[in-house]
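Chemist: See protein_30.txt below, with compact mmCIF, C-alpha atoms and all ligand atoms.
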```
# COMPACT_ATOMS: atom_id res chain seq x y z
CA MET A 1 0.00 0.00 0.00
CA ASN A 2 1.11 3.51 -0.68
CA ASP A 3 1.15 4.54 2.94
CA HIS A 4 2.91 7.84 2.31
CA HIS A 5 0.35 9.10 -0.20
CA ALA A 6 -2.62 8.03 1.92
CA VAL A 7 -1.12 9.75 4.96
CA THR A 8 -0.34 12.88 2.97
CA LEU A 9 -4.02 13.21 2.14
CA LEU A 10 -4.97 12.94 5.82
CA LEU A 11 -2.47 15.43 7.26
CA PRO A 12 -4.68 18.55 7.25
CA TRP A 13 -7.18 16.73 9.45
CA TYR A 14 -4.43 15.30 11.60
CA VAL A 15 -3.45 18.91 12.22
CA ASN A 16 -7.02 20.01 12.98
CA GLY A 17 -7.54 17.02 15.24
CA THR A 18 -10.60 15.48 13.58
CA LEU A 19 -9.27 12.09 12.45
CA ASN A 20 -10.66 9.02 14.14
CA GLU A 21 -8.48 7.01 16.50
CA GLN A 22 -7.42 4.53 13.88
CA GLU A 23 -6.45 7.18 11.33
CA MET A 24 -4.68 9.16 14.04
CA ALA A 25 -2.62 6.14 15.04
CA SER A 26 -1.65 5.31 11.47
CA VAL A 27 -0.59 8.89 10.76
CA GLU A 28 1.48 9.08 13.93
CA ALA A 29 3.15 5.75 13.18
CA HIS A 30 4.01 6.96 9.67
CA LEU A 31 5.30 10.32 10.89
CA LEU A 32 7.94 8.60 13.00
CA GLY A 33 9.63 7.34 9.87
CA CYS A 34 8.86 10.03 7.28
CA ALA A 35 10.64 13.38 7.37
CA ASP A 36 8.66 14.68 4.37
CA CYS A 37 5.38 14.19 6.18
CA ARG A 38 6.75 15.75 9.36
CA GLU A 39 7.72 18.77 7.32
CA ALA A 40 4.28 18.87 5.72
CA VAL A 41 2.70 18.84 9.18
CA ALA A 42 4.82 21.84 10.15
CA THR A 43 3.64 23.69 7.03
CA ASP A 44 0.01 22.82 7.75
CA VAL A 45 0.36 23.99 11.30
CA GLU A 46 1.75 27.26 10.00
CA GLU A 47 -1.19 27.71 7.60
CA ALA A 48 -3.69 26.91 10.31
CA ARG A 49 -2.05 29.40 12.62
CA HIS A 50 -2.16 32.15 10.02
CA LEU A 51 -5.81 31.49 9.33
CA SER A 52 -6.74 31.44 12.99
CA THR A 53 -4.86 34.63 13.86
CA THR A 54 -6.11 36.73 10.97
CA THR A 55 -9.84 36.29 11.26
CA ASP A 56 -11.06 39.74 10.21
CA GLU A 57 -13.08 39.83 13.41
CA ALA A 58 -13.78 43.55 13.00
CA ARG A 59 -15.60 42.94 9.72
CA VAL A 60 -17.49 40.00 11.15
CA GLU A 61 -18.59 42.07 14.13
CA ALA A 62 -19.63 45.05 12.02
CA LEU A 63 -21.66 42.78 9.74
CA THR A 64 -23.23 40.91 12.65
CA ALA A 65 -24.19 44.20 14.32
CA ARG A 66 -26.25 45.08 11.24
CA ARG A 67 -28.10 41.79 11.10
CA ALA A 68 -31.43 43.18 12.37
CA ALA A 69 -31.79 45.17 9.16
CA GLY A 70 -30.74 42.07 7.23
CA PHE A 71 -33.49 40.05 8.90
CA GLU A 72 -36.09 42.68 8.05
CA ALA A 73 -35.05 42.40 4.40
CA LEU A 74 -35.30 38.62 4.68
CA ARG A 75 -38.83 38.88 6.13
CA GLY A 76 -39.80 40.83 3.05
CA GLN A 77 -38.46 38.01 0.89
CA ILE A 78 -40.10 35.15 2.76
CA ARG A 79 -43.56 36.76 2.84
CA GLY A 80 -44.62 35.41 -0.52
CA ASN A 81 -42.60 32.21 -0.11
CA PRO A 82 -43.98 29.84 2.51
CA PRO A 83 -41.78 26.86 3.44
CA ARG A 84 -42.24 23.88 1.16
CA ARG A 85 -44.23 21.01 2.56
CA ARG A 86 -42.49 17.99 3.91
CA PRO A 87 -42.14 15.52 1.06
CA VAL A 88 -44.55 12.57 1.43
CA ALA A 89 -44.47 9.25 -0.32
CA PRO A 90 -48.05 8.55 -1.47
CA THR A 91 -47.46 4.96 -2.53
CA ARG A 92 -46.17 2.14 -0.41
CA TRP A 93 -46.67 4.25 2.64
CA LEU A 94 -47.09 1.33 4.99
CA PRO A 95 -43.60 -0.13 4.63
CA ALA A 96 -42.22 3.40 4.71
CA LEU A 97 -44.09 4.12 7.92
CA ALA A 98 -42.87 0.88 9.44
CA ALA A 99 -39.31 1.79 8.50
CA LEU A 100 -39.75 5.22 10.02
CA LEU A 101 -40.99 3.70 13.24
CA VAL A 102 -37.98 1.41 13.41
CA ILE A 103 -35.60 4.25 12.63
CA GLY A 104 -37.52 6.45 15.01
CA ALA A 105 -36.92 4.04 17.82
CA VAL A 106 -33.20 4.23 17.28
CA LEU A 107 -32.19 7.55 15.86
CA PRO A 108 -33.93 10.63 17.25
CA ALA A 109 -31.58 11.00 20.19
CA ALA A 110 -28.69 11.14 17.75
CA TRP A 111 -30.47 13.63 15.53
CA LEU A 112 -31.30 15.98 18.32
CA THR A 113 -28.00 15.92 20.14
CA PRO A 114 -25.85 18.81 19.00
CA ARG A 115 -22.87 17.64 16.99
CA PRO A 116 -19.98 16.78 19.27
CA ALA A 117 -17.53 19.60 19.63
CA VAL A 118 -14.95 19.44 16.92
CA TYR A 119 -12.47 20.77 19.36
CA GLU A 120 -11.24 18.43 21.96
CA LEU A 121 -7.81 18.59 23.38
CA ARG A 122 -5.58 15.97 21.89
CA THR A 123 -2.35 14.74 23.27
CA SER A 124 0.29 13.03 21.24
CA HIS A 125 1.44 9.46 21.67
CA LEU A 126 4.69 10.48 20.02
CA ALA A 127 7.81 10.90 22.04
CA HIS A 128 8.76 14.55 21.68
CA GLU A 129 12.12 16.15 21.47
CA GLY A 130 12.95 19.77 21.00
CA PRO A 131 11.53 22.87 22.62
CA VAL A 132 8.53 22.69 24.94
CA LEU A 133 6.34 25.70 25.50
CA GLN A 134 4.49 26.33 28.75
CA LEU A 135 1.51 28.60 28.57
CA VAL A 136 -1.37 29.89 30.65
CA PHE A 137 -4.54 31.28 29.13
CA ARG A 138 -6.60 34.19 30.34
CA ASP A 139 -9.66 33.34 32.46
CA GLY A 140 -12.71 32.65 30.38
CA THR A 141 -10.79 31.48 27.29
CA SER A 142 -12.96 28.88 25.57
CA ALA A 143 -11.81 25.28 25.17
CA GLU A 144 -12.17 25.80 21.43
CA ASP A 145 -9.75 28.73 21.41
CA ILE A 146 -7.32 26.92 23.69
CA ASP A 147 -7.36 23.88 21.47
CA LEU A 148 -6.92 25.88 18.26
CA LEU A 149 -4.03 27.88 19.63
CA ILE A 150 -2.30 24.78 20.95
CA ARG A 151 -2.85 22.83 17.77
CA THR A 152 -1.47 25.63 15.68
CA SER A 153 1.63 25.82 17.86
CA GLY A 154 2.52 22.18 18.29
CA THR A 155 1.29 19.17 20.18
CA LEU A 156 -0.13 19.15 23.66
CA ILE A 157 1.83 17.02 26.13
CA GLY A 158 -0.55 15.56 28.68
CA PRO A 159 -3.40 17.39 30.42
CA PRO A 160 -2.86 20.90 31.87
CA SER A 161 -1.50 21.18 35.41
CA SER A 162 -3.86 22.03 38.25
CA GLY A 163 -2.56 25.59 37.95
CA GLY A 164 -3.72 25.72 34.32
CA VAL A 165 -0.26 25.40 32.75
CA TYR A 166 -0.33 23.72 29.35
CA ARG A 167 2.83 22.10 27.95
CA VAL A 168 3.18 22.03 24.19
CA ALA A 169 5.88 20.34 22.10
CA LEU A 170 6.60 23.00 19.53
CA ALA A 171 6.37 22.28 15.83
CA SER A 172 8.54 25.15 14.68
CA ASP A 173 12.07 25.75 13.50
CA ASP A 174 12.03 29.14 15.14
CA PRO A 175 10.66 28.68 18.67
CA GLN A 176 11.65 32.22 19.69
CA ALA A 177 9.54 33.79 16.93
CA LEU A 178 6.68 31.48 17.79
CA LEU A 179 7.00 32.37 21.48
CA GLU A 180 6.75 36.07 20.65
CA ARG A 181 3.69 35.52 18.51
CA ILE A 182 2.04 33.44 21.24
CA ARG A 183 2.83 36.07 23.86
CA ALA A 184 1.22 38.69 21.65
CA HIS A 185 -1.97 36.64 21.45
CA PRO A 186 -4.79 38.37 23.36
CA LEU A 187 -5.95 35.15 25.05
CA VAL A 188 -2.52 34.20 26.39
CA ARG A 189 -1.68 35.39 29.86
CA TRP A 190 1.79 33.92 30.13
CA ALA A 191 4.11 31.87 27.92
CA GLU A 192 7.65 30.63 28.28
CA ILE A 193 9.88 28.03 26.67
CA GLU A 194 11.01 25.31 29.04
CA LEU A 195 14.70 25.17 29.75
CA MET B 196 -34.12 24.63 21.54
CA THR B 197 -31.61 22.61 19.58
CA GLU B 198 -30.85 23.65 16.03
CA ALA B 199 -32.64 20.57 14.71
CA GLU B 200 -35.76 21.58 16.66
CA LEU B 201 -35.47 25.13 15.32
CA LEU B 202 -35.29 23.80 11.76
CA ASP B 203 -38.37 21.73 12.46
CA ALA B 204 -40.20 24.85 13.62
CA VAL B 205 -39.01 26.76 10.55
CA ALA B 206 -40.49 24.00 8.39
CA GLY B 207 -43.79 24.90 10.05
CA ALA B 208 -43.37 28.56 8.98
CA ASP B 209 -42.28 29.80 12.41
CA GLU B 210 -40.61 33.17 11.80
CA GLY B 211 -39.36 33.39 15.37
CA ALA B 212 -37.43 30.15 14.93
CA LEU B 213 -35.98 31.49 11.68
CA ARG B 214 -34.88 34.64 13.52
CA GLU B 215 -33.24 32.54 16.23
CA LEU B 216 -31.26 30.52 13.69
CA TYR B 217 -30.38 33.69 11.80
CA ASP B 218 -28.96 35.27 14.96
CA ARG B 219 -27.07 32.13 15.93
CA TYR B 220 -25.58 31.61 12.48
CA TYR B 221 -24.86 35.15 11.36
CA PRO B 222 -21.36 35.44 12.86
CA ARG B 223 -20.38 31.96 11.71
CA LEU B 224 -21.52 32.52 8.14
CA ALA B 225 -19.96 35.99 8.08
CA ARG B 226 -16.66 34.56 9.31
CA PHE B 227 -16.71 32.13 6.41
CA LEU B 228 -17.85 34.67 3.83
CA VAL B 229 -15.37 37.44 4.67
CA ARG B 230 -12.73 34.94 3.54
CA MET B 231 -14.54 34.47 0.26
CA THR B 232 -15.12 38.12 -0.68
CA THR B 233 -14.03 41.59 0.45
CA ASP B 234 -17.47 43.00 -0.40
CA ASP B 235 -19.51 43.37 2.81
CA GLU B 236 -22.73 44.02 0.90
CA LEU B 237 -22.23 40.75 -0.91
CA VAL B 238 -21.63 38.95 2.40
CA ALA B 239 -24.95 40.26 3.74
CA GLU B 240 -26.67 39.30 0.49
CA ILE B 241 -25.30 35.74 0.55
CA VAL B 242 -26.38 35.28 4.19
CA ASN B 243 -29.93 36.25 3.20
CA ASP B 244 -29.85 34.04 0.10
CA THR B 245 -28.82 31.22 2.44
CA PHE B 246 -31.65 31.82 4.89
CA LEU B 247 -34.24 32.12 2.17
CA VAL B 248 -33.29 28.55 1.19
CA VAL B 249 -33.27 27.48 4.86
CA TRP B 250 -36.82 28.88 5.14
CA GLN B 251 -38.08 27.17 2.02
CA LYS B 252 -36.32 23.84 2.43
CA ALA B 253 -36.22 23.29 6.19
CA ALA B 254 -38.67 20.42 5.73
CA GLY B 255 -36.07 18.70 3.55
CA PHE B 256 -33.52 18.67 6.36
CA ARG B 257 -33.36 15.05 7.41
CA GLY B 258 -30.87 14.86 10.18
CA ASP B 259 -28.46 12.63 8.32
CA ALA B 260 -26.26 15.72 8.25
CA SER B 261 -25.94 18.08 11.21
CA PRO B 262 -27.86 21.39 11.01
CA SER B 263 -24.51 23.15 10.91
CA THR B 264 -23.11 21.32 7.88
CA TRP B 265 -26.50 21.62 6.17
CA ILE B 266 -26.71 25.40 6.64
CA ILE B 267 -23.03 26.07 5.90
CA GLY B 268 -23.39 23.87 2.81
CA ILE B 269 -26.21 26.07 1.52
CA CYS B 270 -24.10 29.13 2.25
CA TYR B 271 -21.14 27.60 0.41
CA ARG B 272 -23.21 27.00 -2.74
CA LYS B 273 -24.74 30.48 -2.59
CA ALA B 274 -21.25 31.95 -2.23
CA LEU B 275 -19.91 30.02 -5.23
CA LYS B 276 -22.87 31.19 -7.28
CA ALA B 277 -22.42 34.82 -6.25
CA LEU B 278 -18.68 34.74 -6.84
CA ALA B 279 -19.15 33.23 -10.29
CA ARG B 280 -21.18 36.33 -11.24
CA LEU B 281 -18.31 38.65 -10.31
CA PRO B 282 -15.48 39.67 -12.57
CA PRO B 283 -12.38 37.80 -11.40
CA THR B 284 -10.44 41.04 -11.07
CA VAL B 285 -11.99 42.09 -7.76
CA SER B 286 -8.79 42.35 -5.81
CA LEU B 287 -8.60 40.87 -2.38
CA ASP B 288 -4.94 41.82 -2.23
CA GLU B 289 -5.19 45.55 -1.87
CA ALA B 290 -8.09 45.60 0.53
CA GLU B 291 -6.42 42.99 2.72
CA THR B 292 -3.11 44.78 2.70
CA ALA B 293 -4.73 48.05 3.66
CA ALA B 294 -6.71 46.40 6.41
CA THR B 295 -3.83 44.66 8.12
CA ALA B 296 -0.61 46.40 7.16
CA PRO B 297 -0.01 48.39 10.36
CA ASP B 298 0.58 45.48 12.68
CA ALA B 299 0.87 42.44 10.50
CA LEU B 300 3.99 40.50 9.82
CA GLU B 301 5.11 40.29 6.23
CA ALA B 302 4.74 36.53 6.26
CA LYS B 303 1.17 36.86 7.47
CA LEU B 304 0.34 39.15 4.57
CA GLY B 305 1.92 36.71 2.18
CA MET B 306 -0.24 33.89 3.51
CA ARG B 307 -3.40 36.01 3.35
CA ARG B 308 -2.72 37.05 -0.19
CA ALA B 309 -1.94 33.50 -1.20
CA ILE B 310 -5.15 32.15 0.33
CA ALA B 311 -7.13 34.96 -1.28
CA ARG B 312 -5.76 33.92 -4.66
CA LEU B 313 -6.86 30.31 -4.41
CA SER B 314 -9.94 29.35 -6.40
CA PRO B 315 -13.13 29.66 -4.33
CA ARG B 316 -13.49 25.86 -4.10
CA HIS B 317 -9.92 25.43 -2.90
CA ARG B 318 -10.19 28.39 -0.54
CA ALA B 319 -13.34 26.97 1.00
CA VAL B 320 -11.80 23.60 1.94
CA VAL B 321 -8.78 25.34 3.42
CA ILE B 322 -10.99 27.65 5.52
CA LEU B 323 -13.38 24.88 6.57
CA THR B 324 -10.45 22.72 7.68
CA TYR B 325 -8.06 25.13 9.34
CA GLN B 326 -10.33 27.92 10.51
CA PHE B 327 -13.55 26.02 11.24
CA GLY B 328 -11.97 22.72 12.28
CA TYR B 329 -14.32 20.47 10.29
CA SER B 330 -13.42 16.85 9.55
CA TYR B 331 -13.14 15.76 5.93
CA ARG B 332 -16.39 13.83 6.40
CA GLU B 333 -18.22 16.98 7.47
CA ILE B 334 -16.66 18.95 4.62
CA GLY B 335 -17.93 16.25 2.27
CA GLU B 336 -21.45 16.94 3.59
CA ILE B 337 -20.98 20.68 3.24
CA VAL B 338 -19.65 20.73 -0.30
CA HIS B 339 -21.70 17.68 -1.43
CA CYS B 340 -18.64 15.70 -2.46
CA PRO B 341 -17.33 12.21 -1.72
CA GLU B 342 -14.75 12.19 1.07
CA ASN B 343 -11.97 11.24 -1.32
CA THR B 344 -12.73 14.27 -3.46
CA VAL B 345 -12.42 16.47 -0.39
CA LYS B 346 -9.02 14.95 0.40
CA THR B 347 -7.65 15.38 -3.11
CA ARG B 348 -9.13 18.88 -3.41
CA MET B 349 -7.35 19.85 -0.22
CA HIS B 350 -4.18 18.26 -1.56
CA HIS B 351 -4.37 20.40 -4.70
CA ALA B 352 -5.22 23.50 -2.66
CA ARG B 353 -2.10 23.01 -0.54
CA LYS B 354 0.03 22.55 -3.64
CA ALA B 355 -1.39 25.73 -5.15
CA LEU B 356 -0.84 27.55 -1.88
CA LYS B 357 2.78 26.43 -1.77
CA LYS B 358 3.33 27.71 -5.30
CA LEU B 359 1.71 31.05 -4.52
CA LEU B 360 3.81 31.45 -1.40
CA GLU B 361 7.00 30.66 -3.31
CA ALA B 362 6.03 33.26 -5.92
CA GLU B 363 5.55 35.77 -3.08
CA SER B 364 9.06 35.46 -1.77
ZN ZN A 401 5.25 10.32 4.41
```
Render the structure in this file as structure tokens.
Ligand SMILES: [Zn+2]

Modeler:
Amino acid sequence: MNDHHAVTLLLPWYVNGTLNEQEMASVEAHLLGCADCREAVATDVEEARHLSTTTDEARVEALTARRAAGFEALRGQIRGNPPRRRPVAPTRWLPALAALLVIGAVLPAAWLTPRPAVYELRTSHLAHEGPVLQLVFRDGTSAEDIDLLIRTSGTLIGPPSSGGVYRVALASDDPQALLERIRAHPLVRWAEIEL
Amino acid sequence: MTEAELLDAVAGADEGALRELYDRYYPRLARFLVRMTTDDELVAEIVNDTFLVVWQKAAGFRGDASPSTWIIGICYRKALKALARLPPTVSLDEAETAATAPDALEAKLGMRRAIARLSPRHRAVVILTYQFGYSYREIGEIVHCPENTVKTRMHHARKALKKLLEAES
């Protein structure tokens, strides 16, 4: 099997932490022996960091602040356009109904549960070498923001300490530059590279 | 109310439920769309195009996708349609440079410009992956593509990005 190619295709989602356990394990196993893929991960991490730190939040906020007027315009549009009826199957309705009842017994809980958070903190099974960053976030920083910032800096090593210190194996050739960028981040209270 | 319940209410012509979804989704859709166009009017227009479809087709939402991938998928298709109407010369470069130059690093500008120059389809998978944190399965639901297509599209997007970044420096 062309392991390298298959792994290459998965790397962006390795970086964003959404692969399943099995895919995660196969990528990590491959990374141990493939410098090209390790380099590609570093590039991906860099791209993800750029995207997450340049979000044009001011534009988003200005647009969102004007949404009441937008909704009024939308109300004008929907007036003459009632929602379409639920599609019904006129023939063979009995088997369909039976199927619905069976599905209904199993699925609604899954349908109604909000999708699981994409962001969950992931720790690496890989042995790490190289610089380790310690950082503390400001109070009230969301788990989603913490995860994104960590993922775009490197790989989390273990859970945070009871004092809220996160340790991250850095995926960067220039840890000092990364440290400065992290320190400049509004959600970071304190950051230092471990000696 | 969950988003699935809100969609159900919208299917029954409940304007209040539509308003609730609109408020919940506005920032998320705007965050996606400001990456796709520098034109704020167009962003507002695409959000409304999206919600007009949500209103009309809420009954067709089946719950095999999540409400979020369903709604963002509609927004994605409306954005592609709107962008296809535009002349390709609308420059993201200058507006982005002006907006961020004071405090941005040169490398950051390079990356922004490069992403802005990707084709809309490529740009969307990059944004949905790195900024929104969606899995390739969810992106497949959003863009109505098989998972393998999502993977190869991302692969091509990264190659194009690499080329653009090399051309920058
Ligand atoms: Zn490899």

Chemist: Residues up to 9 Å from ligand ZN 401 (chain A), counting all atoms listed in the file: could you list those as a list in words?

Modeler: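 My answer, listing the contacting residues, is Asp3, His4, His5, Ala6, Val7, Thr8, Val27, His30, Leu31, Gly33, Cys34, Ala35, Asp36, Cys37, Arg38 and Ala40 of chain A.
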
Chemist: Using only C-alpha atoms, I'd like every residue of chain B that has an atom within 8 Å of chain A; please write them out as JSON, numbers by chain.

Modeler: {"B": [197, 198, 199, 200, 205, 206, 207, 208, 214, 217, 218, 221, 222, 225, 226, 229, 235, 239, 243, 246, 247, 250, 251, 252, 253, 254, 255, 258, 259, 261, 303, 306, 307, 322, 324, 325, 326, 328, 329, 330, 331, 346, 347, 349, 350]}

Chemist: CA of Val168 (chain A) and CA of Thr155 (chain A), how far apart in Å?

Modeler: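 CA of Thr155 (chain A) sits 5.3 Å away from CA of Val168 (chain A).
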
Chemist: Kindly give the distance, in Å, that separates CA of Gly335 (chain B) and CA of Ile266 (chain B), rounded to a single decimal.

Modeler: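 Interatomic distance, CA of Gly335 (chain B) to CA of Ile266 (chain B): 13.4 Å.
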
Chemist: Any idea what the distance is between CA of Ile241 (chain B) and CA of Leu278 (chain B)?

Modeler: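 If I compute the distance from CA of Ile241 (chain B) to CA of Leu278 (chain B), I get 10.0 Å.
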
Chemist: Counting only C-alpha atoms, which of B:Ala352, B:Thr264, B:Glu236, B:Lys358 gets nearest to Arg223 (chain B)?

Modeler: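 Using only C-alpha atoms, the shortest distance to Arg223 (chain B) belongs to B:Thr264.
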
Chemist: So that I can see what lies close to Ala260 (chain B), please list as a PDB file with C-alpha atoms, in the coordinates of the input the residues with an atom at most 9 Å from it, counting all atoms listed in the file and leaving out residues fewer than 3 positions away in the same chain.

Modeler:
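File produced: result_2.pdb:
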```
ATOM      1  CA  TRP A 111     -30.470  13.630  15.530  1.00  0.00           C
TER       2      TRP A 111
ATOM      3  CA  PHE B 256     -33.520  18.670   6.360  1.00  0.00           C
ATOM      4  CA  ARG B 257     -33.360  15.050   7.410  1.00  0.00           C
ATOM      5  CA  SER B 263     -24.510  23.150  10.910  1.00  0.00           C
ATOM      6  CA  THR B 264     -23.110  21.320   7.880  1.00  0.00           C
ATOM      7  CA  TRP B 265     -26.500  21.620   6.170  1.00  0.00           C
ATOM      8  CA  GLU B 333     -18.220  16.980   7.470  1.00  0.00           C
ATOM      9  CA  GLU B 336     -21.450  16.940   3.590  1.00  0.00           C
ATOM     10  CA  ILE B 337     -20.980  20.680   3.240  1.00  0.00           C
TER      11      ILE B 337
END
```

Chemist: I'd like the contact shell of Thr245 (chain B) - 6 Å cut-off, all atoms listed in the file, skipping same-chain residues fewer than 3 positions apart - returned as a tab-separated table (two decimals) with C-alpha atoms, in the frame of the given file.

Modeler:
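Everything below was put into result_28.tsv:
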```
chain	number	residue	atom	x	y	z
B	242	VAL	CA	-26.38	35.28	4.19
B	248	VAL	CA	-33.29	28.55	1.19
B	269	ILE	CA	-26.21	26.07	1.52
B	270	CYS	CA	-24.10	29.13	2.25
```

Chemist: Compare A:Val136, A:Pro160, A:Ser153, A:Arg79 by their minimum atom-to-atom distance to Pro175 (chain A), counting only C-alpha atoms, and give me the closest one.

Modeler: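 Ranked by minimum distance to Pro175 (chain A), first place goes to A:Ser153.
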